[in-house]
Amino acid sequence: MKKEKNRTEGLKSNGRYFDPMSITWTQKYDKQISIVWNAIPERISKIIATIAIFLLGISINGDWIAIWFHTSCQLGIYRIDHAASNSSFRWSELSLEYFKMKNLWSYWWPSCLVSYGIYFIVGGFIHWYYYVRRRHKPDEWKCQPQKWLSPELEKNEIIWGSTTLLLNASVSSIFSCYLANGGYSTIYYTFNEYGWIWFVLQFPLIFIFQDYHIYWLHRLYHMPMLYKRFHKLHHRYKQPTVFSVTAIHPVESIHIQLSLIVPLFLVPCHWLPFYLSAFYAYYHGIIDHSGVNFKSFWWQPWQPDAIFHDNHHQYFHVNFAFNIIYWDKLHGTYRRKDRIYNEDIYYGTGKPVESASGKELLADIEERELENPLAYREEMPYKFSQQEKKKLKKKS
C-alpha cells in the first residue's frame with residue numbers, strides 16, 4: 001500500500017497529473033491497464049513489450065509506408081508506373097504529376113496518421129511499462145535512477161517529437177510516391193538480379209555504411225556552431241526517454257534522413273537489406289534513448305549497451321556511435337575514466353582530470369554518482385574509488 005502511494009505521488013506534478021500531451025496519458029489509467037497486464041503470462045508480456053518498441057522504431061521516420069510500398073512491389077501486388085509523367089517541360093502543364101508526385105495525398109495522410117497513432121498509443125504504452133508501472137523501483141531498471149525529466153521537459157519532448165515526426169513521415173511518403181510514379185532509383189526487387197553474393201553482402205555493407213555515416217554526422221552536429229544552433233535541442237533531455245529519439249531539430253532530422261537514402265540512388269540496392277538495416281538502427285535508437293539499462297545480446301559484440309548512449313546525454317560530447325561501438329574506440333571519442341566531460345568541453349576527447357578545475361571535478365563526481373551500477377555488465381568502470389574522490393575533492 002505504501003509503495004502504491006509513493007508511486008501515485010511520484011506521478012503527480014503541482015497536485016495534478018501530467019498534461020496528456022507529454023505522453024503520460026497512461027498514468028490516469030494505470031490501475032485499469034495493470035489489471036489487464038497482470039493477467040497476461042510474463043513470457044508473453046515481454047514479447048509484447050519488445051514488439052511495441054519495434055513498432056515505435058518504425059514510426060520514428062514514418063518508414064512503415066515505404067515498407068508497405070516495397071513489400072507490395074516485391075509480391076507483385078503493386079506495379080510501378082514508369083509512364084506516370086511526361087518528360088517534356090511546359091510551364092502551363094506544371095503539376096505534381098510532372099514531378100512524379102501523382103496521388104501524393106493518398107501517401108501522405110496514411111503515413112502521418114499511422115505514424116502518429118503508433119507514436120502516441122504504442123509510445124504511451126512503453127512509457128507506462130517502465131515510467132509508471134515500475135517508477136517506484138528505478139534502481140532496478142533506470143540508467144539514472146535519481147534523476148527524471150521534469151513535466152515541462154516531457155511536454156517539450158512531445159512537441160518537438162511530433163513536429164519532427166510530421167516532417168519524417170512527409171519525407172517517407174514523398175519518397176514512396178516518387179518511386180510509385182516511376183522516379184529514378186537503384187532499388188531492385190528480384191533477389192538474384194545482381195547475384196546472390198551481392199544480395200548477401202548488402203546486409204553488412206549497408207549496415208556499416210549507415211552507422212559510420214551517422215557517427216560522423218553526429219560528430220559534425222557536436223561541433224560548437226552546429227551544436228548551439230541545432231543539436232543542443234536534443235540534449236535538453238539529459239535523462240532521455242523513448243520520446244527523446246524524435247525530439248531533434250527539424251533541420252538536423254531531415255538532413256540525416258535524406259543522407260541515409262543516398263545509396264538508393266547510387267548503387268544497386270535490394271529494398272530488404274536496406275530497410276532491415278534501417279529498422280535495426282531504429283529499434284536500437286528507441287532502446288538507447290529509453291533511459292532503461294538494456295543490455296545487448298550475446299550475438300551483438302558490436303552493439304553497445306543502452307548506458308553507452310545514456311552517457312552521451314549525461315556528459316554531452318562523448319560516445320558518438322550508435323550501433324557499432326568500435327567507431328568511438330577507433331577515433332578516441334570513447335568515454336574514459338581519467339577524463340571529465342560536460343557541455344562546454346567539445347570534440348569528444350574530454351579534459352584530463354589533472355587539468356580540470358575544482359568546480360568541474362565536483363560536478364563530474366556528482367554526475368558519476370547518478371549512474372546506476374546495474375547498467376554495467378561488471379563493476380562500474382567510471383566510478384572513482386573513495387581514495388580517488390578524497391584526493392580530487394581535496395584538490396577542489
# chains A, B, ... in the order shown; residues from 1 in each chain; ligands from 1
>>> residues_around(residues="region 143-156 of chain A", least_positions_apart="3", cutoff="7 Å", atoms="only C-alpha atoms", output="list in words")
Phe18, Met21, Ser22, Pro138, Asp139, Ile159, Trp160, Tyr237, Gln239, Gly291, Val292, Asn293, Ile307, Leu370, Glu371, Asn372 and Ala375 of chain A
>>> residues_around(residues="Arg377 (chain A)", least_positions_apart="6", cutoff="12 Å", atoms="only C-alpha atoms", output="list of chain:residue names")
A:Asn293, A:Phe294, A:Lys295, A:Ser296, A:Phe297, A:Pro304, A:Asp305, A:Ala306, A:Ile307, A:Phe308
>>> closest_residue(among="A:Tyr376, A:Tyr119, A:Ser170, A:Phe230", to="Pro250 (chain A)", atoms="only C-alpha atoms")
A:Phe230
>>> residues_around(residues="Ala281 (chain A)", least_positions_apart="5", cutoff="10 Å", atoms="only C-alpha atoms", output="ChimeraX atom specification")
/A:57-58,207,210-211,275-276,286-287,322-323
>>> select_by_dssp(residues="region 128-229 of chain A", states="alpha helix (DSSP H)", output="ChimeraX atom specification")
/A:151-180,196-220,224-229
>>> write_last_selection(atoms="C-alpha atoms", output="short mmCIF file (atom, residue, chain, number, x, y, z; two decimals), in the first residue's frame")
data_model
loop_
_atom_site.label_atom_id
_atom_site.label_comp_id
_atom_site.auth_asym_id
_atom_site.auth_seq_id
_atom_site.Cartn_x
_atom_site.Cartn_y
_atom_site.Cartn_z
CA PRO A 151 6.99 17.55 -16.59
CA GLU A 152 7.90 20.65 -18.62
CA LEU A 153 10.65 18.79 -20.49
CA GLU A 154 8.38 15.80 -21.05
CA LYS A 155 5.85 18.10 -22.68
CA ASN A 156 8.61 19.85 -24.64
CA GLU A 157 9.75 16.43 -25.81
CA ILE A 158 6.38 15.55 -27.29
CA ILE A 159 6.01 18.94 -29.01
CA TRP A 160 9.37 18.68 -30.76
CA GLY A 161 9.00 14.95 -31.33
CA SER A 162 5.61 15.46 -33.00
CA THR A 163 6.98 18.21 -35.23
CA THR A 164 9.91 16.09 -36.36
CA LEU A 165 7.68 13.07 -36.85
CA LEU A 166 5.44 15.06 -39.20
CA LEU A 167 8.45 16.02 -41.32
CA ASN A 168 9.89 12.50 -41.32
CA ALA A 169 6.57 10.91 -42.26
CA SER A 170 6.19 13.51 -45.03
CA VAL A 171 9.62 12.75 -46.49
CA SER A 172 8.90 9.00 -46.44
CA SER A 173 5.54 9.50 -48.17
CA ILE A 174 7.08 11.79 -50.82
CA PHE A 175 9.85 9.27 -51.49
CA SER A 176 7.38 6.36 -51.78
CA CYS A 177 5.09 8.38 -54.05
CA TYR A 178 8.04 9.38 -56.24
CA LEU A 179 9.07 5.73 -56.67
CA ALA A 180 5.49 4.65 -57.34
CA TRP A 196 23.27 -13.82 -54.63
CA ILE A 197 26.72 -12.79 -53.39
CA TRP A 198 25.90 -9.10 -53.80
CA PHE A 199 22.49 -9.61 -52.20
CA VAL A 200 24.04 -11.20 -49.09
CA LEU A 201 26.91 -8.68 -48.93
CA GLN A 202 24.45 -5.80 -48.83
CA PHE A 203 23.39 -6.65 -45.27
CA PRO A 204 26.78 -5.92 -43.62
CA LEU A 205 27.82 -3.25 -46.13
CA ILE A 206 24.67 -1.15 -45.78
CA PHE A 207 24.73 -1.55 -42.00
CA ILE A 208 28.38 -0.47 -41.73
CA PHE A 209 27.93 2.42 -44.19
CA GLN A 210 24.83 3.77 -42.42
CA ASP A 211 26.33 3.50 -38.95
CA TYR A 212 29.71 5.02 -39.82
CA HIS A 213 27.98 7.77 -41.79
CA ILE A 214 25.75 8.58 -38.81
CA TYR A 215 28.76 8.54 -36.47
CA TRP A 216 30.37 11.37 -38.45
CA LEU A 217 27.12 13.27 -38.92
CA HIS A 218 26.59 13.05 -35.17
CA ARG A 219 30.11 14.35 -34.51
CA LEU A 220 29.52 17.13 -37.04
CA PRO A 224 30.34 24.24 -31.43
CA MET A 225 28.43 26.19 -34.10
CA LEU A 226 26.11 23.35 -35.21
CA TYR A 227 25.62 22.13 -31.66
CA LYS A 228 24.47 25.51 -30.38
CA ARG A 229 22.21 26.19 -33.37
#
>>> residues_around(residues="region 32-34 of chain A", least_positions_apart="4", cutoff="9 Å", atoms="only C-alpha atoms", output="list in words")
Thr26, Lys28, Asn38, Ala39, Trp128 and Arg133 of chain A
>>> closest_residue(among="A:Phe274, A:Gln257, A:Lys395, A:Lys389", to="Ser355 (chain A)", atoms="only C-alpha atoms")
A:Lys395
>>> select_by_dssp(residues="region 213-392 of chain A", states="strand (DSSP E)", output="number ranges by chain")
A: 269-270, 339-340, 351-352
>>> residues_around(residues="Ser290 (chain A)", least_positions_apart="6", cutoff="7 Å", atoms="only C-alpha atoms", output="list in words")
Pro240, Thr241 and Val242 of chain A
>>> write_last_selection(atoms="N, CA, C and O atoms", output="PDB file, in the first residue's frame")
ATOM      1  N   PRO A 240      17.273  10.877 -20.959  1.00  0.00           N
ATOM      2  CA  PRO A 240      16.422  10.613 -22.126  1.00  0.00           C
ATOM      3  C   PRO A 240      15.356   9.549 -21.868  1.00  0.00           C
ATOM      4  O   PRO A 240      15.515   8.676 -21.013  1.00  0.00           O
ATOM      5  N   THR A 241      14.265   9.653 -22.606  1.00  0.00           N
ATOM      6  CA  THR A 241      13.222   8.638 -22.625  1.00  0.00           C
ATOM      7  C   THR A 241      13.047   8.200 -24.081  1.00  0.00           C
ATOM      8  O   THR A 241      13.685   8.759 -24.983  1.00  0.00           O
ATOM      9  N   VAL A 242      12.154   7.252 -24.325  1.00  0.00           N
ATOM     10  CA  VAL A 242      11.973   6.774 -25.699  1.00  0.00           C
ATOM     11  C   VAL A 242      11.551   7.891 -26.647  1.00  0.00           C
ATOM     12  O   VAL A 242      11.787   7.816 -27.856  1.00  0.00           O
TER      13      VAL A 242
END
>>> atom_distance(atom1="CA of Thr50 (chain A)", atom2="CA of Gly117 (chain A)")
17.6 Å
